[in-house]
$ cat entry_12.pdb   # PDB, C-alpha atoms and all ligand atoms
ATOM      1  CA  MET A  27       0.000   0.000   0.000
ATOM      2  CA  SER A  28       1.399   3.361  -0.900
ATOM      3  CA  GLU A  29       2.101   5.786   1.878
ATOM      4  CA  ILE A  30      -0.555   8.151   3.192
ATOM      5  CA  VAL A  31       0.268  11.795   2.480
ATOM      6  CA  LEU A  32      -2.736  13.544   4.005
ATOM      7  CA  GLU A  33      -4.980  11.983   6.603
ATOM      8  CA  ALA A  34      -7.866  13.042   8.802
ATOM      9  CA  ARG A  35      -9.418  11.173  11.683
ATOM     10  CA  GLY A  36     -12.730  11.759  13.373
ATOM     11  CA  ILE A  37     -13.284  15.258  12.002
ATOM     12  CA  VAL A  38     -16.322  17.077  13.415
ATOM     13  CA  LYS A  39     -17.458  20.497  12.240
ATOM     14  CA  ARG A  40     -20.699  22.104  13.409
ATOM     15  CA  TYR A  41     -22.306  25.293  12.180
ATOM     16  CA  GLY A  42     -24.767  26.191  14.907
ATOM     17  CA  HIS A  43     -27.246  23.320  14.965
ATOM     18  CA  VAL A  44     -26.021  21.860  11.677
ATOM     19  CA  THR A  45     -23.374  19.169  11.900
ATOM     20  CA  ALA A  46     -21.662  19.499   8.535
ATOM     21  CA  VAL A  47     -18.964  16.925   9.290
ATOM     22  CA  ALA A  48     -19.854  14.149  11.711
ATOM     23  CA  GLY A  49     -16.727  12.210  12.564
ATOM     24  CA  ALA A  50     -15.214  11.900   9.113
ATOM     25  CA  ASP A  51     -12.081   9.991   8.227
ATOM     26  CA  PHE A  52     -10.025  10.688   5.140
ATOM     27  CA  ASP A  53      -6.836   9.475   3.574
ATOM     28  CA  LEU A  54      -4.961  10.534   0.482
ATOM     29  CA  ARG A  55      -2.110   8.375  -0.723
ATOM     30  CA  ALA A  56       1.020   9.195  -2.640
ATOM     31  CA  GLY A  57       0.638   9.269  -6.392
ATOM     32  CA  GLU A  58      -3.130   9.048  -6.585
ATOM     33  CA  VAL A  59      -6.144  10.981  -7.722
ATOM     34  CA  LEU A  60      -8.745  10.557  -4.975
ATOM     35  CA  ALA A  61     -12.272  11.533  -5.945
ATOM     36  CA  VAL A  62     -14.629  12.630  -3.171
ATOM     37  CA  ILE A  63     -18.285  12.224  -4.032
ATOM     38  CA  GLY A  64     -21.531  12.683  -2.100
ATOM     39  CA  ASP A  65     -24.943  14.291  -2.267
ATOM     40  CA  ASN A  66     -25.435  18.034  -1.889
ATOM     41  CA  GLY A  67     -24.888  18.972   1.728
ATOM     42  CA  ALA A  68     -23.096  15.707   2.588
ATOM     43  CA  GLY A  69     -20.219  17.741   4.023
ATOM     44  CA  LYS A  70     -17.595  17.394   1.303
ATOM     45  CA  SER A  71     -16.658  21.056   1.072
ATOM     46  CA  SER A  72     -16.649  21.387   4.852
ATOM     47  CA  LEU A  73     -14.262  18.453   5.176
ATOM     48  CA  ILE A  74     -12.018  19.873   2.457
ATOM     49  CA  LYS A  75     -11.981  23.247   4.184
ATOM     50  CA  VAL A  76     -10.655  21.542   7.297
ATOM     51  CA  LEU A  77      -7.872  19.926   5.243
ATOM     52  CA  SER A  78      -7.007  23.240   3.621
ATOM     53  CA  GLY A  79      -7.004  25.321   6.796
ATOM     54  CA  ASP A  80     -10.057  27.366   5.890
ATOM     55  CA  VAL A  81     -12.072  25.910   8.770
ATOM     56  CA  VAL A  82     -10.811  24.784  12.177
ATOM     57  CA  PRO A  83     -12.601  21.561  13.190
ATOM     58  CA  ASP A  84     -14.462  21.144  16.482
ATOM     59  CA  ALA A  85     -12.864  17.732  16.912
ATOM     60  CA  GLY A  86     -10.545  15.342  15.148
ATOM     61  CA  GLU A  87      -7.045  15.523  13.800
ATOM     62  CA  VAL A  88      -5.286  16.137  10.511
ATOM     63  CA  LEU A  89      -1.937  14.572   9.665
ATOM     64  CA  LEU A  90       0.424  15.497   6.868
ATOM     65  CA  ASP A  91       3.116  12.925   6.137
ATOM     66  CA  GLY A  92       2.150  11.222   9.384
ATOM     67  CA  ARG A  93       2.615  14.302  11.549
ATOM     68  CA  ALA A  94      -0.244  16.157  13.227
ATOM     69  CA  VAL A  95      -0.849  19.611  11.769
ATOM     70  CA  HIS A  96      -3.020  22.403  13.134
ATOM     71  CA  PHE A  97      -3.873  24.751  10.303
ATOM     72  CA  ARG A  98      -5.371  28.036  11.466
ATOM     73  CA  SER A  99      -5.731  29.527   7.991
ATOM     74  CA  PRO A 100      -5.405  28.585   4.319
ATOM     75  CA  HIS A 101      -2.040  30.299   4.436
ATOM     76  CA  ASP A 102      -0.822  27.733   7.000
ATOM     77  CA  ALA A 103      -1.861  24.907   4.692
ATOM     78  CA  GLN A 104      -0.245  26.628   1.697
ATOM     79  CA  LEU A 105       3.008  26.930   3.604
ATOM     80  CA  ALA A 106       2.789  23.169   4.153
ATOM     81  CA  GLY A 107       2.348  22.686   0.393
ATOM     82  CA  ILE A 108      -1.424  22.175   0.213
ATOM     83  CA  GLU A 109      -3.159  24.207  -2.505
ATOM     84  CA  THR A 110      -6.927  24.306  -2.822
ATOM     85  CA  VAL A 111      -9.371  25.396  -5.477
ATOM     86  CA  TYR A 112     -12.497  26.276  -3.503
ATOM     87  CA  GLN A 113     -15.988  25.683  -4.793
ATOM     88  CA  ASP A 114     -16.766  29.296  -3.890
ATOM     89  CA  LEU A 115     -13.665  30.682  -5.589
ATOM     90  CA  ALA A 116     -11.435  32.817  -3.423
ATOM     91  CA  MET A 117     -10.073  35.502  -5.717
ATOM     92  CA  ALA A 118      -9.670  39.242  -5.821
ATOM     93  CA  PRO A 119     -12.080  40.180  -8.618
ATOM     94  CA  ALA A 120     -10.805  43.693  -9.253
ATOM     95  CA  LEU A 121      -7.228  42.518  -9.786
ATOM     96  CA  ASP A 122      -5.896  41.046 -12.993
ATOM     97  CA  ILE A 123      -5.139  37.405 -13.749
ATOM     98  CA  ALA A 124      -1.407  37.625 -13.155
ATOM     99  CA  THR A 125      -1.892  39.392  -9.815
ATOM    100  CA  ASN A 126      -4.429  36.800  -8.723
ATOM    101  CA  LEU A 127      -2.061  33.995  -9.609
ATOM    102  CA  PHE A 128       0.589  35.455  -7.331
ATOM    103  CA  LEU A 129      -1.710  36.737  -4.603
ATOM    104  CA  GLY A 130       0.112  36.400  -1.280
ATOM    105  CA  ARG A 131       3.405  35.327  -2.890
ATOM    106  CA  GLU A 132       4.241  38.225  -5.125
ATOM    107  CA  ILE A 133       7.590  38.324  -6.838
ATOM    108  CA  ARG A 134       9.607  41.413  -5.816
ATOM    109  CA  ARG A 135      12.092  43.366  -7.907
ATOM    110  CA  LYS A 136      15.709  42.323  -7.533
ATOM    111  CA  GLY A 137      17.981  44.284  -5.216
ATOM    112  CA  PRO A 138      16.953  47.089  -2.851
ATOM    113  CA  LEU A 139      13.993  48.078  -5.033
ATOM    114  CA  GLY A 140      12.410  44.810  -3.998
ATOM    115  CA  SER A 141      13.946  44.122  -0.619
ATOM    116  CA  VAL A 142      13.732  47.668   0.751
ATOM    117  CA  LEU A 143      11.061  49.393  -1.287
ATOM    118  CA  ARG A 144       9.017  46.178  -1.676
ATOM    119  CA  MET A 145       8.459  46.926  -5.343
ATOM    120  CA  LEU A 146       6.791  44.162  -7.334
ATOM    121  CA  ASP A 147       8.287  42.578 -10.405
ATOM    122  CA  VAL A 148       5.112  42.879 -12.429
ATOM    123  CA  LYS A 149       6.807  41.968 -15.688
ATOM    124  CA  GLU A 150       8.164  38.725 -14.300
ATOM    125  CA  MET A 151       4.836  37.784 -12.719
ATOM    126  CA  ARG A 152       3.051  38.394 -16.019
ATOM    127  CA  ARG A 153       5.645  36.381 -17.885
ATOM    128  CA  GLN A 154       5.295  33.438 -15.499
ATOM    129  CA  ALA A 155       1.504  33.698 -15.487
ATOM    130  CA  ARG A 156       1.425  33.600 -19.288
ATOM    131  CA  GLN A 157       3.827  30.652 -19.265
ATOM    132  CA  GLN A 158       1.689  28.839 -16.714
ATOM    133  CA  MET A 159      -1.483  29.319 -18.768
ATOM    134  CA  ASP A 160       0.311  28.152 -21.921
ATOM    135  CA  ASP A 161       1.674  25.102 -20.123
ATOM    136  CA  LEU A 162      -1.836  24.207 -19.080
ATOM    137  CA  GLY A 163      -3.073  24.606 -22.622
ATOM    138  CA  ILE A 164      -5.448  27.358 -21.516
ATOM    139  CA  THR A 165      -6.140  29.326 -24.661
ATOM    140  CA  THR A 166      -9.419  31.041 -23.834
ATOM    141  CA  LEU A 167      -7.793  33.859 -21.865
ATOM    142  CA  GLN A 168      -7.011  36.778 -24.111
ATOM    143  CA  SER A 169      -4.838  38.849 -21.835
ATOM    144  CA  ILE A 170      -3.069  38.131 -18.599
ATOM    145  CA  THR A 171      -3.731  41.737 -17.522
ATOM    146  CA  GLN A 172      -7.496  41.345 -17.736
ATOM    147  CA  PRO A 173      -9.186  41.880 -14.354
ATOM    148  CA  VAL A 174     -10.664  38.674 -12.991
ATOM    149  CA  ASP A 175     -14.140  40.228 -12.606
ATOM    150  CA  SER A 176     -14.234  40.653 -16.377
ATOM    151  CA  LEU A 177     -13.737  36.925 -16.930
ATOM    152  CA  SER A 178     -16.471  34.389 -17.453
ATOM    153  CA  GLY A 179     -17.200  31.958 -14.603
ATOM    154  CA  GLY A 180     -15.419  29.192 -16.429
ATOM    155  CA  GLN A 181     -12.370  31.331 -17.141
ATOM    156  CA  ARG A 182     -12.172  32.273 -13.472
ATOM    157  CA  GLN A 183     -12.255  28.620 -12.606
ATOM    158  CA  THR A 184      -9.336  27.904 -14.936
ATOM    159  CA  VAL A 185      -7.320  30.679 -13.291
ATOM    160  CA  ALA A 186      -7.977  29.160  -9.867
ATOM    161  CA  VAL A 187      -7.017  25.713 -11.122
ATOM    162  CA  ALA A 188      -3.847  27.094 -12.700
ATOM    163  CA  ARG A 189      -2.914  28.789  -9.456
ATOM    164  CA  ALA A 190      -3.315  25.592  -7.442
ATOM    165  CA  ALA A 191      -1.405  23.565 -10.008
ATOM    166  CA  ALA A 192       1.415  26.091 -10.024
ATOM    167  CA  PHE A 193       1.915  26.258  -6.286
ATOM    168  CA  GLY A 194       0.834  22.881  -4.869
ATOM    169  CA  ARG A 195       3.980  21.189  -3.620
ATOM    170  CA  ARG A 196       2.513  18.330  -1.554
ATOM    171  CA  VAL A 197      -1.230  18.148  -2.279
ATOM    172  CA  VAL A 198      -3.658  19.769  -4.694
ATOM    173  CA  ILE A 199      -7.342  19.856  -3.733
ATOM    174  CA  MET A 200     -10.037  20.845  -6.218
ATOM    175  CA  ASP A 201     -13.641  21.315  -5.107
ATOM    176  CA  GLU A 202     -15.888  21.039  -8.184
ATOM    177  CA  PRO A 203     -13.282  22.517 -10.525
ATOM    178  CA  THR A 204     -15.231  21.761 -13.695
ATOM    179  CA  ALA A 205     -18.716  22.769 -12.518
ATOM    180  CA  ALA A 206     -18.737  25.952 -14.616
ATOM    181  CA  LEU A 207     -16.632  24.677 -17.492
ATOM    182  CA  GLY A 208     -17.437  23.772 -21.048
ATOM    183  CA  VAL A 209     -16.693  20.324 -22.448
ATOM    184  CA  ARG A 210     -13.290  21.237 -23.822
ATOM    185  CA  GLU A 211     -12.230  23.139 -20.704
ATOM    186  CA  SER A 212     -13.401  20.291 -18.438
ATOM    187  CA  LYS A 213     -11.317  17.886 -20.416
ATOM    188  CA  GLY A 214      -8.387  20.286 -20.013
ATOM    189  CA  VAL A 215      -8.803  20.250 -16.239
ATOM    190  CA  LEU A 216      -9.006  16.445 -16.162
ATOM    191  CA  ASP A 217      -5.822  16.255 -18.237
ATOM    192  CA  LEU A 218      -4.220  18.725 -15.864
ATOM    193  CA  ILE A 219      -5.239  16.613 -12.850
ATOM    194  CA  ARG A 220      -3.527  13.608 -14.414
ATOM    195  CA  ARG A 221      -0.444  15.675 -15.182
ATOM    196  CA  ILE A 222      -0.241  16.911 -11.596
ATOM    197  CA  ARG A 223      -0.532  13.339 -10.343
ATOM    198  CA  ASP A 224       2.118  12.202 -12.790
ATOM    199  CA  THR A 225       4.532  14.753 -11.360
ATOM    200  CA  GLY A 226       4.066  12.897  -8.041
ATOM    201  CA  ILE A 227       1.626  15.266  -6.337
ATOM    202  CA  PRO A 228      -1.595  13.558  -5.233
ATOM    203  CA  VAL A 229      -4.847  15.285  -6.145
ATOM    204  CA  VAL A 230      -8.198  15.369  -4.329
ATOM    205  CA  LEU A 231     -11.068  15.930  -6.751
ATOM    206  CA  ILE A 232     -14.524  16.706  -5.377
ATOM    207  CA  SER A 233     -17.030  16.238  -8.164
ATOM    208  CA  HIS A 234     -20.606  15.349  -9.039
ATOM    209  CA  ASP A 235     -19.527  14.392 -12.540
ATOM    210  CA  MET A 236     -19.548  10.596 -12.291
ATOM    211  CA  PRO A 237     -18.120   9.852 -15.752
ATOM    212  CA  ALA A 238     -15.230  12.231 -15.002
ATOM    213  CA  VAL A 239     -14.720  10.632 -11.588
ATOM    214  CA  PHE A 240     -14.630   7.164 -13.105
ATOM    215  CA  GLU A 241     -12.276   8.345 -15.795
ATOM    216  CA  VAL A 242      -9.673  10.027 -13.648
ATOM    217  CA  ALA A 243      -9.847   8.668 -10.079
ATOM    218  CA  ASP A 244      -7.650   5.930  -8.680
ATOM    219  CA  ARG A 245      -9.927   5.644  -5.626
ATOM    220  CA  ILE A 246     -13.321   7.100  -4.774
ATOM    221  CA  HIS A 247     -14.126   8.363  -1.268
ATOM    222  CA  ILE A 248     -17.911   8.195  -0.862
ATOM    223  CA  HIS A 249     -19.174  10.795   1.600
ATOM    224  CA  ARG A 250     -22.590  10.437   3.167
ATOM    225  CA  LEU A 251     -24.265  12.294   6.039
ATOM    226  CA  GLY A 252     -21.067  13.996   7.144
ATOM    227  CA  ARG A 253     -18.906  10.873   7.095
ATOM    228  CA  ARG A 254     -16.878   8.656   4.847
ATOM    229  CA  ALA A 255     -19.231   5.805   4.013
ATOM    230  CA  ALA A 256     -16.806   3.823   1.881
ATOM    231  CA  VAL A 257     -13.763   3.984  -0.335
ATOM    232  CA  VAL A 258     -13.923   2.058  -3.597
ATOM    233  CA  ARG A 259     -11.874   1.599  -6.713
ATOM    234  CA  PRO A 260     -13.567   2.541  -9.973
ATOM    235  CA  GLY A 261     -12.539  -0.766 -11.557
ATOM    236  CA  ASP A 262     -14.288  -2.789  -8.845
ATOM    237  CA  HIS A 263     -17.729  -1.182  -9.075
ATOM    238  CA  GLU A 264     -20.227  -0.024 -11.640
ATOM    239  CA  MET A 265     -21.173   3.626 -11.627
ATOM    240  CA  ASN A 266     -24.749   2.896 -10.505
ATOM    241  CA  GLU A 267     -23.494   0.852  -7.545
ATOM    242  CA  VAL A 268     -21.334   3.728  -6.420
ATOM    243  CA  VAL A 269     -24.231   6.152  -6.776
ATOM    244  CA  GLY A 270     -26.373   3.691  -4.777
ATOM    245  CA  ILE A 271     -23.851   3.700  -1.932
ATOM    246  CA  MET A 272     -23.692   7.480  -2.102
ATOM    247  CA  THR A 273     -27.451   7.893  -1.762
ATOM    248  CA  GLY A 274     -27.873   5.117   0.794
ATOM    249  CA  ALA A 275     -29.877   2.916  -1.584
ATOM    250  CA  LEU A 276     -27.140   0.296  -1.350
ATOM    251  CA  PRO A 277     -25.191  -0.679   1.774
ATOM    252  CA  ALA A 278     -21.576   0.450   1.934
ATOM    253  CA  PRO A 279     -19.234  -2.454   1.190
ATOM    254  CA  ALA A 280     -17.192  -3.653   4.155
ATOM    255  CA  PRO A 281     -13.773  -2.024   4.078
ATOM    256  CA  ALA A 282     -11.433  -4.435   2.340
ATOM    257  CA  GLY A 283      -8.520  -4.755   4.761
ATOM    258  CA  GLY A 284      -5.513  -3.193   3.084
ATOM    259  CA  THR A 285      -6.763  -2.349  -0.376
ATOM    260  CA  SER A 286      -3.421  -1.825  -1.998
TER     261      SER A 286
HETATM  262  N1  LIG A 301     -20.658  28.468   6.647
HETATM  263  C1  LIG A 301     -21.702  27.694   6.927
HETATM  264  N2  LIG A 301     -22.653  28.088   7.806
HETATM  265  C2  LIG A 301     -23.698  27.297   8.115
HETATM  266  N3  LIG A 301     -23.911  26.085   7.588
HETATM  267  C3  LIG A 301     -23.009  25.632   6.700
HETATM  268  C4  LIG A 301     -21.863  26.401   6.326
HETATM  269  N4  LIG A 301     -21.144  25.684   5.434
HETATM  270  C5  LIG A 301     -21.804  24.531   5.258
HETATM  271  N5  LIG A 301     -22.926  24.484   6.020
HETATM  272  C6  LIG A 301     -23.880  23.370   6.087
HETATM  273  O1  LIG A 301     -23.148  22.174   6.281
HETATM  274  C7  LIG A 301     -23.678  21.121   5.499
HETATM  275  C8  LIG A 301     -22.580  20.570   4.597
HETATM  276  O2  LIG A 301     -22.268  21.550   3.625
HETATM  277  P1  LIG A 301     -21.095  21.347   2.570
HETATM  278  O3  LIG A 301     -20.967  22.609   1.820
HETATM  279  O4  LIG A 301     -19.897  20.826   3.266
HETATM  280  O5  LIG A 301     -21.713  20.197   1.640
HETATM  281  P2  LIG A 301     -21.187  19.598   0.270
HETATM  282  O6  LIG A 301     -21.102  18.127   0.427
HETATM  283  O7  LIG A 301     -19.970  20.294  -0.161
HETATM  284  O8  LIG A 301     -22.392  19.937  -0.724
HETATM  285  P3  LIG A 301     -22.388  20.297  -2.293
HETATM  286  O9  LIG A 301     -22.322  19.002  -3.030
HETATM  287  O10 LIG A 301     -23.710  20.951  -2.484
HETATM  288  O11 LIG A 301     -21.250  21.197  -2.561
HETATM  289  C9  LIG A 301     -24.873  21.701   4.769
HETATM  290  O12 LIG A 301     -26.028  21.351   5.484
HETATM  291  C10 LIG A 301     -24.621  23.177   4.787
HETATM  292  O13 LIG A 301     -25.838  23.891   4.798
HETATM  293 MG    MG A 302     -19.507  21.487  -1.757
END
$ encode --input "entry_12.pdb" --output "structure tokens" --more "lines below"
Ligand SMILES: Nc1ncnc2c1ncn2[C@@H]1O[C@H](COP(=O)(O)OP(=O)(O)OP(=O)(O)O)[C@@H](O)[C@H]1O
Ligand SMILES: [Mg+2]
Amino acid sequence: MSEIVLEARGIVKRYGHVTAVAGADFDLRAGEVLAVIGDNGAGKSSLIKVLSGDVVPDAGEVLLDGRAVHFRSPHDAQLAGIETVYQDLAMAPALDIATNLFLGREIRRKGPLGSVLRMLDVKEMRRQARQQMDDLGITTLQSITQPVDSLSGGQRQTVAVARAAAFGRRVVIMDEPTAALGVRESKGVLDLIRRIRDTGIPVVLISHDMPAVFEVADRIHIHRLGRRAAVVRPGDHEMNEVVGIMTGALPAPAPAGGTS
């Protein structure tokens, strides 16, 4: 069995009277794409926000490379190498694409202009942003200096995906990254997910798109009523079985001890 990179045990997160996450476990292994599926409101985004430091859990623990971590903010998780594309995209709409890509880790000018006067190397950031978009095969963006609030929903999503892909060093998490995308762009994101995995960085993909999940995932984490109900391999189950487990129509299969 490959090593576990990111793990969570017994996560609980309540919002007032709503228990969004009710004792959830999670594990992400080296070199895999792990899909997380579940009905609306099952608690997927809430669990992911715990893993990415956006939400501090009421109970439970998170481990990165086997060591307990206590993220207080997304920045903490980013410092640890975890990049997340949120379902409700976190971007600065008035700023341009290049600035959004480098938000919080701006490149400064060389020498005292950068170190003393804190001046930004805008040219270099734009160059790298353009390069990054080209590398991802993103061709629908006309100018890197376009403000993000002038982009279409799908284009914004590709910027967020590009940002995560560029900066994720240990783990990349994507919450519904293709929800607003056209067919071609969705395919681009799925290709990108595979490419990230192939560089050795495991990817968590939250998605309602079952064909995409079956196409790209190595394992599928089925989330139900705030918990992990089962983990299955796409090759071992039909799509309708997996959907049955997700909705509760079918019982969750007993965990196979040591699925390799
Ligand atoms: N900030 C919040 N305040 C109050 N309740 C919340 C908040 N965030 C989530 N919830 C509630 O927690 C539950 C789980 O929500 P969550 O967004 O994690 O579900 P999800 O599985 O991601 O759903 P979807 O598939 O629709 O994205 C829901 O009942 C939701 O209403
Ligand atoms: Mg969600």
$ resolve_selection --input "entry_12.pdb" --expression "the PyMOL selection byres (((chain A and resi 272) around 10) and not hetatm)" --output "list in words"
Ile63, Gly64, Asp65, Ala68, His247, Ile248, His249, Arg250, Leu251, Arg254, Ala255, Ala256, Asn266, Glu267, Val268, Val269, Gly270, Ile271, Thr273, Gly274, Ala275, Leu276, Pro277 and Ala278 of chain A
$ closest_residue --input "entry_12.pdb" --among "A:Thr225, A:Ser72, A:Gln183, A:Gln168" --to "ligand LIG 301 (chain A)" --atoms "all atoms listed in the file"
A:Ser72
$ residues_near_ligand --input "entry_12.pdb" --ligand "ligand MG 302 (chain A)" --cutoff "12 Å" --atoms "all atoms listed in the file" --output "short mmCIF file (atom, residue, chain, number, x, y, z; two decimals) with C-alpha atoms, keeping the file's coordinate frame"
data_model
loop_
_atom_site.label_atom_id
_atom_site.label_comp_id
_atom_site.auth_asym_id
_atom_site.auth_seq_id
_atom_site.Cartn_x
_atom_site.Cartn_y
_atom_site.Cartn_z
CA ALA A 46 -21.66 19.50 8.54
CA VAL A 47 -18.96 16.92 9.29
CA VAL A 62 -14.63 12.63 -3.17
CA ILE A 63 -18.28 12.22 -4.03
CA GLY A 64 -21.53 12.68 -2.10
CA ASP A 65 -24.94 14.29 -2.27
CA ASN A 66 -25.44 18.03 -1.89
CA GLY A 67 -24.89 18.97 1.73
CA ALA A 68 -23.10 15.71 2.59
CA GLY A 69 -20.22 17.74 4.02
CA LYS A 70 -17.60 17.39 1.30
CA SER A 71 -16.66 21.06 1.07
CA SER A 72 -16.65 21.39 4.85
CA LEU A 73 -14.26 18.45 5.18
CA ILE A 74 -12.02 19.87 2.46
CA LYS A 75 -11.98 23.25 4.18
CA VAL A 111 -9.37 25.40 -5.48
CA TYR A 112 -12.50 26.28 -3.50
CA GLN A 113 -15.99 25.68 -4.79
CA ASP A 114 -16.77 29.30 -3.89
CA LEU A 115 -13.66 30.68 -5.59
CA MET A 200 -10.04 20.84 -6.22
CA ASP A 201 -13.64 21.32 -5.11
CA GLU A 202 -15.89 21.04 -8.18
CA PRO A 203 -13.28 22.52 -10.52
CA ALA A 205 -18.72 22.77 -12.52
CA LEU A 231 -11.07 15.93 -6.75
CA ILE A 232 -14.52 16.71 -5.38
CA SER A 233 -17.03 16.24 -8.16
CA HIS A 234 -20.61 15.35 -9.04
CA HIS A 249 -19.17 10.80 1.60
CA GLY A 252 -21.07 14.00 7.14
#
$ atom_distance --input "entry_12.pdb" --atom1 "atom CA of Val230 of chain A" --atom2 "atom CA of Val215 of chain A"
12.9 Å
$ atom_distance --input "entry_12.pdb" --atom1 "atom C3 of ligand LIG 301 (chain A)" --atom2 "atom CA of Lys39 of chain A"
9.4 Å
$ closest_residue --input "entry_12.pdb" --among "A:Val38, A:Leu121, A:Met151, A:Ala56" --to "Arg253 of chain A" --atoms "only C-alpha atoms"
A:Val38
$ resolve_selection --input "entry_12.pdb" --expression "the PyMOL selection byres (((chain A and resi 84-95) around 6) and not hetatm)" --output "PDB file with C-alpha atoms, keeping the file's coordinate frame"
ATOM      1  CA  VAL A  31       0.268  11.795   2.480  1.00  0.00           C
ATOM      2  CA  LEU A  32      -2.736  13.544   4.005  1.00  0.00           C
ATOM      3  CA  GLU A  33      -4.980  11.983   6.603  1.00  0.00           C
ATOM      4  CA  ALA A  34      -7.866  13.042   8.802  1.00  0.00           C
ATOM      5  CA  ARG A  35      -9.418  11.173  11.683  1.00  0.00           C
ATOM      6  CA  GLY A  36     -12.730  11.759  13.373  1.00  0.00           C
ATOM      7  CA  ILE A  37     -13.284  15.258  12.002  1.00  0.00           C
ATOM      8  CA  VAL A  38     -16.322  17.077  13.415  1.00  0.00           C
ATOM      9  CA  LYS A  39     -17.458  20.497  12.240  1.00  0.00           C
ATOM     10  CA  PRO A  83     -12.601  21.561  13.190  1.00  0.00           C
ATOM     11  CA  HIS A  96      -3.020  22.403  13.134  1.00  0.00           C
TER      12      HIS A  96
END
$ closest_residue --input "entry_12.pdb" --among "A:Gly140, A:Pro279, A:Gly57, A:Gly179" --to "Thr204 of chain A" --atoms "all atoms listed in the file"
A:Gly179
$ axis_aligned_box --input "entry_12.pdb" --around "ligand LIG 301 (chain A)" --padding-each-side "4 Å" --output "AutoDock Vina command-line options"
--center_x -23.0 --center_y 23.3 --center_z 2.5 --size_x 14.1 --size_y 18.3 --size_z 19.1
$ atom_distance --input "entry_12.pdb" --atom1 "atom CA of Ala186 of chain A" --atom2 "atom C1 of ligand LIG 301 (chain A)"
21.7 Å
$ resolve_selection --input "entry_12.pdb" --expression "the PyMOL selection byres (((chain A and resi 167) around 12) and not hetatm)" --output "VMD selection string"
chain A and resid 122 to 124 155 to 156 158 to 160 162 to 166 168 to 174 176 to 178 180 to 185 211
$ closest_residue --input "entry_12.pdb" --among "A:Ala61, A:Val44, A:Leu77, A:Ala190" --to "Phe128 of chain A" --atoms "all atoms listed in the file"
A:Ala190
$ closest_residue --input "entry_12.pdb" --among "A:Pro228, A:Gly42, A:Pro237, A:Gly130" --to "ligand LIG 301 (chain A)" --atoms "all atoms listed in the file"
A:Gly42
$ closest_residue --input "entry_12.pdb" --among "A:Leu139, A:Asp235, A:Arg210, A:Ala191" --to "ligand LIG 301 (chain A)" --atoms "only C-alpha atoms and all ligand atoms"
A:Asp235
$ residues_around --input "entry_12.pdb" --residues "segment 131-136 of chain A" --least-positions-apart "4" --cutoff "8 Å" --atoms "only C-alpha atoms" --output "VMD selection string"
chain A and resid 125 140 to 141 144 to 148 150 to 151
$ build_atoms --input "entry_12.pdb" --residues "segment 222-233 of chain A" --atoms "N, CA and C atoms" --output "compact mmCIF listing (two decimals), in the coordinates of the input"
# COMPACT_ATOMS: atom_id res chain seq x y z
N ILE A 222 -0.71 16.61 -12.96
CA ILE A 222 -0.24 16.91 -11.60
C ILE A 222 0.11 15.61 -10.88
N ARG A 223 -0.80 14.64 -10.97
CA ARG A 223 -0.53 13.34 -10.34
C ARG A 223 0.75 12.73 -10.89
N ASP A 224 0.95 12.83 -12.19
CA ASP A 224 2.12 12.20 -12.79
C ASP A 224 3.42 12.89 -12.39
N THR A 225 3.32 14.14 -11.90
CA THR A 225 4.53 14.75 -11.36
C THR A 225 4.75 14.31 -9.91
N GLY A 226 3.87 13.45 -9.37
CA GLY A 226 4.07 12.90 -8.04
C GLY A 226 3.27 13.58 -6.96
N ILE A 227 2.43 14.56 -7.34
CA ILE A 227 1.63 15.27 -6.34
C ILE A 227 0.21 14.69 -6.36
N PRO A 228 -0.25 14.13 -5.23
CA PRO A 228 -1.60 13.56 -5.23
C PRO A 228 -2.66 14.65 -5.29
N VAL A 229 -3.79 14.31 -5.91
CA VAL A 229 -4.85 15.28 -6.14
C VAL A 229 -6.14 14.77 -5.53
N VAL A 230 -6.85 15.66 -4.82
CA VAL A 230 -8.20 15.37 -4.33
C VAL A 230 -9.17 16.10 -5.25
N LEU A 231 -10.10 15.35 -5.82
CA LEU A 231 -11.07 15.93 -6.75
C LEU A 231 -12.47 15.71 -6.20
N ILE A 232 -13.12 16.79 -5.78
CA ILE A 232 -14.52 16.71 -5.38
C ILE A 232 -15.36 16.97 -6.61
N SER A 233 -16.27 16.06 -6.93
CA SER A 233 -17.03 16.24 -8.16
C SER A 233 -18.34 15.47 -8.13
